[in-house]
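**Q** Before we start, here is the structure in question, set down as structure tokens.
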Amino acid sequence: MLTEERAKAYFGNLAPNDIIGRQITYDDSIKTTVSGIVKDQYEKATDLRFKEFISLGTVITTGLKDHFGGDEWR
């Protein structure tokens with residue numbers, strides 16, 4: 001999933017419906033599929049700052065878990 005800001009950075013002015021289902025490749029080899037786009041800001045205050053979400057399954061199967069502290073963050 002991407003924020004509106006990140007979706008625009010990757011896909012320009014494409015409509016959200018045209019972005020969902022497209023692929024993004026990280027580290028030149030990890031292919032992910034955009035499954036949704038979320039608003040840049042919540043209506044309520046939050047400490048959670050995010051731009052992209054990658055599923056835990058993708059993190060584990062692609063070796064990305066080493067970039068996120070291994071198994072310590074589960």
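Each chain of the structure tokens is named A, B, ... in the order shown, its residues numbered from 1; ligands are numbered from 1 in display order.
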Would you pick out the contacts of stretch 33-39 of chain A at 6 Å or less, using only C-alpha atoms, so that residues sharing its chain but fewer than 6 positions from it are not included, and give the list as a ChimeraX atom specification?
**A** /A:1-4,20-23
**Q** Pull N, CA, C and O atoms from the residues just selected and write them as an mmCIF file, in the first residue's frame.
**A**
data_model
loop_
_atom_site.group_PDB
_atom_site.id
_atom_site.type_symbol
_atom_site.label_atom_id
_atom_site.label_comp_id
_atom_site.auth_asym_id
_atom_site.auth_seq_id
_atom_site.Cartn_x
_atom_site.Cartn_y
_atom_site.Cartn_z
ATOM 1 N N MET A 1 0.845 -1.170 0.000
ATOM 2 C CA MET A 1 0.000 0.000 0.000
ATOM 3 C C MET A 1 0.890 1.232 0.000
ATOM 4 O O MET A 1 1.972 1.220 0.569
ATOM 5 N N LEU A 2 0.394 2.283 -0.633
ATOM 6 C CA LEU A 2 1.136 3.529 -0.730
ATOM 7 C C LEU A 2 0.290 4.682 -0.210
ATOM 8 O O LEU A 2 -0.935 4.635 -0.275
ATOM 9 N N THR A 3 0.957 5.739 0.255
ATOM 10 C CA THR A 3 0.233 6.974 0.535
ATOM 11 C C THR A 3 -0.020 7.687 -0.791
ATOM 12 O O THR A 3 0.608 7.381 -1.811
ATOM 13 N N GLU A 4 -0.926 8.642 -0.771
ATOM 14 C CA GLU A 4 -1.205 9.424 -1.984
ATOM 15 C C GLU A 4 0.071 10.087 -2.507
ATOM 16 O O GLU A 4 0.331 10.086 -3.710
ATOM 17 N N ILE A 20 -3.567 0.760 -8.668
ATOM 18 C CA ILE A 20 -3.748 -0.515 -7.968
ATOM 19 C C ILE A 20 -3.544 -1.666 -8.948
ATOM 20 O O ILE A 20 -4.080 -1.672 -10.039
ATOM 21 N N GLY A 21 -2.724 -2.610 -8.540
ATOM 22 C CA GLY A 21 -2.395 -3.754 -9.382
ATOM 23 C C GLY A 21 -1.074 -3.600 -10.121
ATOM 24 O O GLY A 21 -0.542 -4.564 -10.648
ATOM 25 N N ARG A 22 -0.519 -2.392 -10.149
ATOM 26 C CA ARG A 22 0.780 -2.178 -10.799
ATOM 27 C C ARG A 22 1.902 -2.636 -9.873
ATOM 28 O O ARG A 22 1.723 -2.741 -8.673
ATOM 29 N N GLN A 23 3.058 -2.876 -10.465
ATOM 30 C CA GLN A 23 4.191 -3.365 -9.676
ATOM 31 C C GLN A 23 5.200 -2.272 -9.381
ATOM 32 O O GLN A 23 5.401 -1.354 -10.173
#
**Q** If we count only C-alpha atoms and set the cut-off at 12 Å, which residues sit around A:Asp40, ignoring sequence neighbours fewer than 6 positions away in its own chain? Please answer as a compact mmCIF listing (two decimals) with N, CA, C and O atoms, in the first residue's frame.
**A**
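And here is the file that came out, result.txt:
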# COMPACT_ATOMS: atom_id res chain seq x y z
N MET A 1 0.85 -1.17 0.00
CA MET A 1 0.00 0.00 0.00
C MET A 1 0.89 1.23 0.00
O MET A 1 1.97 1.22 0.57
N LEU A 2 0.39 2.28 -0.63
CA LEU A 2 1.14 3.53 -0.73
C LEU A 2 0.29 4.68 -0.21
O LEU A 2 -0.93 4.63 -0.28
N THR A 3 0.96 5.74 0.25
CA THR A 3 0.23 6.97 0.54
C THR A 3 -0.02 7.69 -0.79
O THR A 3 0.61 7.38 -1.81
N GLU A 4 -0.93 8.64 -0.77
CA GLU A 4 -1.20 9.42 -1.98
C GLU A 4 0.07 10.09 -2.51
O GLU A 4 0.33 10.09 -3.71
N GLU A 5 0.87 10.62 -1.59
CA GLU A 5 2.12 11.29 -1.97
C GLU A 5 3.07 10.33 -2.69
O GLU A 5 3.65 10.64 -3.72
N ARG A 6 3.24 9.15 -2.13
CA ARG A 6 4.16 8.17 -2.72
C ARG A 6 3.62 7.65 -4.06
O ARG A 6 4.37 7.46 -5.00
N ALA A 7 2.30 7.45 -4.13
CA ALA A 7 1.70 7.00 -5.39
C ALA A 7 1.96 8.02 -6.49
O ALA A 7 2.31 7.66 -7.63
N LYS A 8 1.84 9.29 -6.16
CA LYS A 8 2.10 10.34 -7.15
C LYS A 8 3.57 10.36 -7.55
O LYS A 8 3.90 10.55 -8.72
N THR A 46 -1.80 11.43 15.02
CA THR A 46 -1.17 10.12 15.13
C THR A 46 0.35 10.27 15.15
O THR A 46 0.88 11.24 14.61
N LEU A 48 2.11 7.71 14.01
CA LEU A 48 2.49 6.80 12.93
C LEU A 48 2.75 7.60 11.66
O LEU A 48 1.85 8.21 11.10
N ARG A 49 3.99 7.61 11.24
CA ARG A 49 4.36 8.28 9.99
C ARG A 49 4.72 7.18 8.99
O ARG A 49 5.60 6.37 9.25
N PHE A 50 4.05 7.16 7.89
CA PHE A 50 4.25 6.10 6.93
C PHE A 50 4.17 6.65 5.53
O PHE A 50 3.61 7.70 5.29
N LYS A 51 4.75 5.93 4.59
CA LYS A 51 4.64 6.27 3.17
C LYS A 51 4.32 5.03 2.36
O LYS A 51 3.70 5.12 1.32
N GLU A 52 4.80 3.88 2.83
CA GLU A 52 4.58 2.62 2.13
C GLU A 52 4.41 1.50 3.14
O GLU A 52 5.02 1.53 4.20
